Amino acid sequence: MRRRTLLTGAAATAAAAANLLPSGGFAQAKTQTVNMQLGWLASNNNIGEVVASQLGYFEEEKLHVVIQPGGPSIDGVAIVASGRCEIGQVSSSPSLMLAASQKIPVKCFATALQQHPYTFFSLEKKPIRTPKDMVGKKIGIQATGKILLTALLKKHNIPEKDVEVVVVGADFTPLLTGQVDAFTGWLTSTTAIKALGQPPVTLRLWDAGVQLYALPLYATKDTLEKKGPMVAGFLKAMAKGYAYAQKEPEKSADLLIKAYPNFKRDDELEGLKVLLKFAFNDNTKANGWGAFDAKVWQDQITLYDELKQFTAGAPKLDDVITSAILDQTKDVRPKLG
């Protein structure tokens, strides 16, 4: 809400004082305000930063983190690149590869999930268990995800003409009514999946050979170089938030509802339990939460280059990712699998 209310007396004095402070309001002295720009509306995907904020982990790093929601009409990468926000997070790694190819100076410094939950859902009466099962079927997919289906088909040498693409929204109804034979979404969308009224057949993009990262964190090259300690402190606190969520999912769901009272606790808890399975694996057990594999990134770049997605040429790996912040925090990020 825009503040247009006429304030008088003590209220006006307080408001005037607040305008002299960082955007976070009355942050502690010597505490740096960090704006985190999301590429979507807040959800259980933000459990790490919500827990870190609620339990004071960011405060321990002298940071006051303000989560800025995204949405369909908000270009989060452009906002971070402009310097209006210090740190950003997108839903999927290709956004950062495409940005780098356009010479937008942002780099991924960590990834919240080790594998992408993006999935093709179908029903037992007409199951799609393998990419080959898509031949002759109607695949419901959001417009922004069509390239993911193209990548999958190419990976398995399936001609695109053999699959009918139906552009859909976020509602699973087309699958229930038979308008499509498969519907795409995240496995963490437990509320929407439950609405199917039956356990769906699932084919996850990662398992089918198209391995993308979900929820990568990024910042500009300038921020990474000049404010490395701030970014490292942010990552350290967020890692602790995720570690707490893994250990205490019930309490973490309560903290999420405290931050976002309009959420339904049971639904968020169910989705959270699924999300955490993607946040920790053998890689995080060895290298700590947030670590990524450079080879996975290079394979993504190669695949997207083969699909001719880089109109300005494929980016170099070093222009897409940096391990500097991970290296700085390797001894303090919880190593959990």
# chains A, B, ... in the order shown; residues from 1 in each chain; ligands from 1

call {"tool": "closest_atom_pairs", "arguments": {"of": "region 35-76 of chain A", "to": "region 277-291 of chain A", "cutoff": "12 Å", "atoms": "only C-alpha atoms", "output": "Markdown table"}}
result
| residue | atom | partner | partner_atom | distance |
| --- | --- | --- | --- | --- |
| A:Asn45 | CA | A:Ala279 | CA | 10.3 |
| A:Asn46 | CA | A:Ala279 | CA | 11.9 |
| A:Ile47 | CA | A:Ala279 | CA | 11.0 |
| A:Gly48 | CA | A:Ala279 | CA | 10.2 |

call {"tool": "write_last_selection", "arguments": {"atoms": "N, CA, C and O atoms", "output": "PDB file, in the first residue's frame"}}
result
ATOM      1  N   ASN A  45       8.275 -22.132  -1.071  1.00  0.00           N
ATOM      2  CA  ASN A  45       9.601 -22.077  -1.698  1.00  0.00           C
ATOM      3  C   ASN A  45      10.544 -21.152  -0.937  1.00  0.00           C
ATOM      4  O   ASN A  45      11.768 -21.249  -1.083  1.00  0.00           O
ATOM      5  N   ASN A  46       9.973 -20.266  -0.146  1.00  0.00           N
ATOM      6  CA  ASN A  46      10.766 -19.270   0.575  1.00  0.00           C
ATOM      7  C   ASN A  46      11.011 -19.638   2.036  1.00  0.00           C
ATOM      8  O   ASN A  46      11.319 -18.782   2.855  1.00  0.00           O
ATOM      9  N   ILE A  47      10.896 -20.922   2.336  1.00  0.00           N
ATOM     10  CA  ILE A  47      10.989 -21.335   3.735  1.00  0.00           C
ATOM     11  C   ILE A  47      12.337 -20.996   4.354  1.00  0.00           C
ATOM     12  O   ILE A  47      12.406 -20.609   5.528  1.00  0.00           O
ATOM     13  N   GLY A  48      13.424 -21.108   3.602  1.00  0.00           N
ATOM     14  CA  GLY A  48      14.742 -20.840   4.163  1.00  0.00           C
ATOM     15  C   GLY A  48      14.896 -19.415   4.645  1.00  0.00           C
ATOM     16  O   GLY A  48      15.357 -19.157   5.773  1.00  0.00           O
TER      17      GLY A  48
END

call {"tool": "select_by_dssp", "arguments": {"residues": "region 97-267 of chain A", "states": "strand (DSSP E)", "output": "VMD selection string"}}
result
chain A and resid 106 to 113 118 to 122 138 to 141 164 to 167 182 to 186 201 to 204 214 to 220

call {"tool": "closest_residue", "arguments": {"among": "A:Thr191, A:Thr202, A:Thr130, A:Thr311", "to": "Ala170 (chain A)", "atoms": "only C-alpha atoms"}}
result
A:Thr191

call {"tool": "residues_around", "arguments": {"residues": "Ala81 (chain A)", "least_positions_apart": "2", "cutoff": "7 Å", "atoms": "only C-alpha atoms", "output": "JSON, numbers by chain"}}
result
{"A": [77, 78, 79, 83, 104, 105, 106, 220]}

call {"tool": "write_last_selection", "arguments": {"atoms": "N, CA, C and O atoms", "output": "CSV table (one decimal), in the first residue's frame"}}
result
chain,number,residue,atom,x,y,z
A,77,VAL,N,15.0,-10.3,-12.7
A,77,VAL,CA,16.4,-10.3,-13.1
A,77,VAL,C,16.8,-8.8,-13.5
A,77,VAL,O,17.9,-8.3,-13.1
A,78,ALA,N,15.9,-8.2,-14.2
A,78,ALA,CA,16.2,-6.8,-14.6
A,78,ALA,C,16.3,-5.9,-13.4
A,78,ALA,O,17.1,-4.9,-13.3
A,79,ILE,N,15.4,-6.1,-12.4
A,79,ILE,CA,15.4,-5.3,-11.1
A,79,ILE,C,16.7,-5.5,-10.4
A,79,ILE,O,17.3,-4.5,-9.9
A,83,GLY,N,20.3,-2.8,-9.9
A,83,GLY,CA,20.8,-2.4,-8.6
A,83,GLY,C,19.7,-2.0,-7.6
A,83,GLY,O,20.0,-1.7,-6.4
A,104,ILE,N,23.6,-9.5,-19.5
A,104,ILE,CA,23.1,-9.0,-18.3
A,104,ILE,C,24.0,-9.5,-17.2
A,104,ILE,O,24.2,-10.7,-17.0
A,105,PRO,N,24.7,-8.6,-16.4
A,105,PRO,CA,25.7,-9.0,-15.5
A,105,PRO,C,25.3,-9.6,-14.2
A,105,PRO,O,25.6,-9.0,-13.1
A,106,VAL,N,24.6,-10.7,-14.2
A,106,VAL,CA,24.2,-11.4,-13.0
A,106,VAL,C,24.8,-12.8,-13.0
A,106,VAL,O,25.0,-13.4,-14.1
A,220,THR,N,24.4,-9.4,-8.9
A,220,THR,CA,25.2,-8.8,-10.0
A,220,THR,C,26.7,-9.1,-9.7
A,220,THR,O,27.1,-9.3,-8.6

call {"tool": "select_by_dssp", "arguments": {"residues": "region 173-320 of chain A", "states": "helix (DSSP H, G or I)", "output": "VMD selection string"}}
result
chain A and resid 173 to 176 190 to 194 221 to 226 228 to 247 249 to 259 265 to 279 282 to 287 294 to 306 317 to 320

call {"tool": "write_last_selection", "arguments": {"atoms": "C-alpha atoms", "output": "mmCIF file, in the first residue's frame"}}
result
data_model
loop_
_atom_site.group_PDB
_atom_site.id
_atom_site.type_symbol
_atom_site.label_atom_id
_atom_site.label_comp_id
_atom_site.auth_asym_id
_atom_site.auth_seq_id
_atom_site.Cartn_x
_atom_site.Cartn_y
_atom_site.Cartn_z
ATOM 1 C CA THR A 173 -8.807 -29.206 -14.418
ATOM 2 C CA PRO A 174 -7.840 -29.902 -18.075
ATOM 3 C CA LEU A 175 -6.245 -33.165 -16.951
ATOM 4 C CA LEU A 176 -9.325 -34.237 -15.000
ATOM 5 C CA THR A 190 0.543 -30.545 -3.208
ATOM 6 C CA THR A 191 -2.770 -28.669 -2.884
ATOM 7 C CA ALA A 192 -3.339 -28.628 -6.642
ATOM 8 C CA ILE A 193 -2.280 -32.275 -6.944
ATOM 9 C CA LYS A 194 -4.660 -33.288 -4.152
ATOM 10 C CA LYS A 221 28.931 -9.230 -10.604
ATOM 11 C CA ASP A 222 29.451 -5.844 -8.942
ATOM 12 C CA THR A 223 27.617 -6.922 -5.770
ATOM 13 C CA LEU A 224 29.502 -10.216 -5.649
ATOM 14 C CA GLU A 225 32.840 -8.453 -5.979
ATOM 15 C CA LYS A 226 32.243 -5.436 -3.759
ATOM 16 C CA GLY A 228 31.075 -10.457 -0.965
ATOM 17 C CA PRO A 229 30.927 -10.591 2.863
ATOM 18 C CA MET A 230 27.284 -9.448 2.790
ATOM 19 C CA VAL A 231 26.342 -12.124 0.250
ATOM 20 C CA ALA A 232 28.270 -14.737 2.245
ATOM 21 C CA GLY A 233 26.435 -13.723 5.429
ATOM 22 C CA PHE A 234 23.120 -13.951 3.609
ATOM 23 C CA LEU A 235 23.923 -17.441 2.331
ATOM 24 C CA LYS A 236 25.132 -18.605 5.738
ATOM 25 C CA ALA A 237 21.895 -17.465 7.396
ATOM 26 C CA MET A 238 19.683 -18.941 4.687
ATOM 27 C CA ALA A 239 21.534 -22.263 4.920
ATOM 28 C CA LYS A 240 20.777 -22.324 8.658
ATOM 29 C CA GLY A 241 17.138 -21.589 7.825
ATOM 30 C CA TYR A 242 16.930 -24.581 5.524
ATOM 31 C CA ALA A 243 18.709 -26.803 8.041
ATOM 32 C CA TYR A 244 16.189 -25.827 10.719
ATOM 33 C CA ALA A 245 13.304 -26.487 8.294
ATOM 34 C CA GLN A 246 14.643 -29.961 7.575
ATOM 35 C CA LYS A 247 14.880 -30.735 11.283
ATOM 36 C CA PRO A 249 9.184 -28.898 9.418
ATOM 37 C CA GLU A 250 6.151 -28.455 11.704
ATOM 38 C CA LYS A 251 7.628 -25.462 13.515
ATOM 39 C CA SER A 252 8.886 -24.060 10.224
ATOM 40 C CA ALA A 253 5.371 -24.222 8.789
ATOM 41 C CA ASP A 254 4.207 -22.211 11.807
ATOM 42 C CA LEU A 255 6.855 -19.585 11.085
ATOM 43 C CA LEU A 256 5.725 -19.446 7.445
ATOM 44 C CA ILE A 257 2.131 -18.841 8.513
ATOM 45 C CA LYS A 258 3.296 -16.155 10.923
ATOM 46 C CA ALA A 259 4.957 -14.361 8.009
ATOM 47 C CA ARG A 265 -0.809 -24.287 7.302
ATOM 48 C CA ASP A 266 -1.593 -27.923 6.503
ATOM 49 C CA ASP A 267 -1.236 -27.347 2.774
ATOM 50 C CA GLU A 268 2.046 -25.496 3.199
ATOM 51 C CA LEU A 269 3.422 -28.154 5.534
ATOM 52 C CA GLU A 270 2.625 -30.909 3.060
ATOM 53 C CA GLY A 271 4.300 -28.987 0.252
ATOM 54 C CA LEU A 272 7.237 -28.126 2.484
ATOM 55 C CA LYS A 273 7.962 -31.779 3.217
ATOM 56 C CA VAL A 274 8.167 -32.460 -0.520
ATOM 57 C CA LEU A 275 10.284 -29.365 -1.150
ATOM 58 C CA LEU A 276 12.886 -30.338 1.444
ATOM 59 C CA LYS A 277 13.489 -33.656 -0.320
ATOM 60 C CA PHE A 278 14.845 -31.620 -3.237
ATOM 61 C CA ALA A 279 16.917 -29.291 -1.036
ATOM 62 C CA ASP A 282 24.482 -36.446 -1.309
ATOM 63 C CA ASN A 283 25.885 -33.211 -2.724
ATOM 64 C CA THR A 284 24.675 -31.127 0.232
ATOM 65 C CA LYS A 285 25.898 -33.829 2.617
ATOM 66 C CA ALA A 286 29.386 -33.422 1.159
ATOM 67 C CA ASN A 287 29.419 -29.726 0.261
ATOM 68 C CA ALA A 294 29.258 -26.931 -12.463
ATOM 69 C CA LYS A 295 28.786 -29.848 -14.881
ATOM 70 C CA VAL A 296 25.009 -29.668 -14.475
ATOM 71 C CA TRP A 297 25.173 -25.999 -15.457
ATOM 72 C CA GLN A 298 27.417 -26.685 -18.458
ATOM 73 C CA ASP A 299 25.104 -29.449 -19.663
ATOM 74 C CA GLN A 300 22.184 -27.016 -19.461
ATOM 75 C CA ILE A 301 24.050 -24.416 -21.501
ATOM 76 C CA THR A 302 24.980 -27.021 -24.128
ATOM 77 C CA LEU A 303 21.380 -28.277 -24.398
ATOM 78 C CA TYR A 304 19.905 -24.797 -24.719
ATOM 79 C CA ASP A 305 22.526 -23.915 -27.306
ATOM 80 C CA GLU A 306 21.527 -26.983 -29.323
ATOM 81 C CA LEU A 317 30.039 -21.006 -17.810
ATOM 82 C CA ASP A 318 31.998 -18.387 -15.817
ATOM 83 C CA ASP A 319 29.477 -15.751 -16.886
ATOM 84 C CA VAL A 320 26.595 -17.787 -15.446
#

call {"tool": "residues_around", "arguments": {"residues": "Phe121 (chain A)", "least_positions_apart": "6", "cutoff": "7 Å", "atoms": "only C-alpha atoms", "output": "PyMOL selection string"}}
result
chain A and resi 182-184+200-203

call {"tool": "residues_around", "arguments": {"residues": "Ile139 (chain A)", "least_positions_apart": "2", "cutoff": "10 Å", "atoms": "only C-alpha atoms", "output": "MDAnalysis selection string"}}
result
chainID A and resid 120:122 134:137 141:142 146 149 163:168 175 179:184

call {"tool": "closest_residue", "arguments": {"among": "A:Val51, A:Leu196, A:Leu187, A:Leu153", "to": "Ala208 (chain A)", "atoms": "only C-alpha atoms"}}
result
A:Leu153

call {"tool": "closest_residue", "arguments": {"among": "A:Thr177, A:Ser53, A:Ser101, A:Ser92", "to": "Thr144 (chain A)", "atoms": "only C-alpha atoms"}}
result
A:Ser92

call {"tool": "residues_around", "arguments": {"residues": "Gly76 (chain A)", "least_positions_apart": "3", "cutoff": "8 Å", "atoms": "only C-alpha atoms", "output": "MDAnalysis selection string"}}
result
chainID A and resid 37:39 70 79:80 88:90
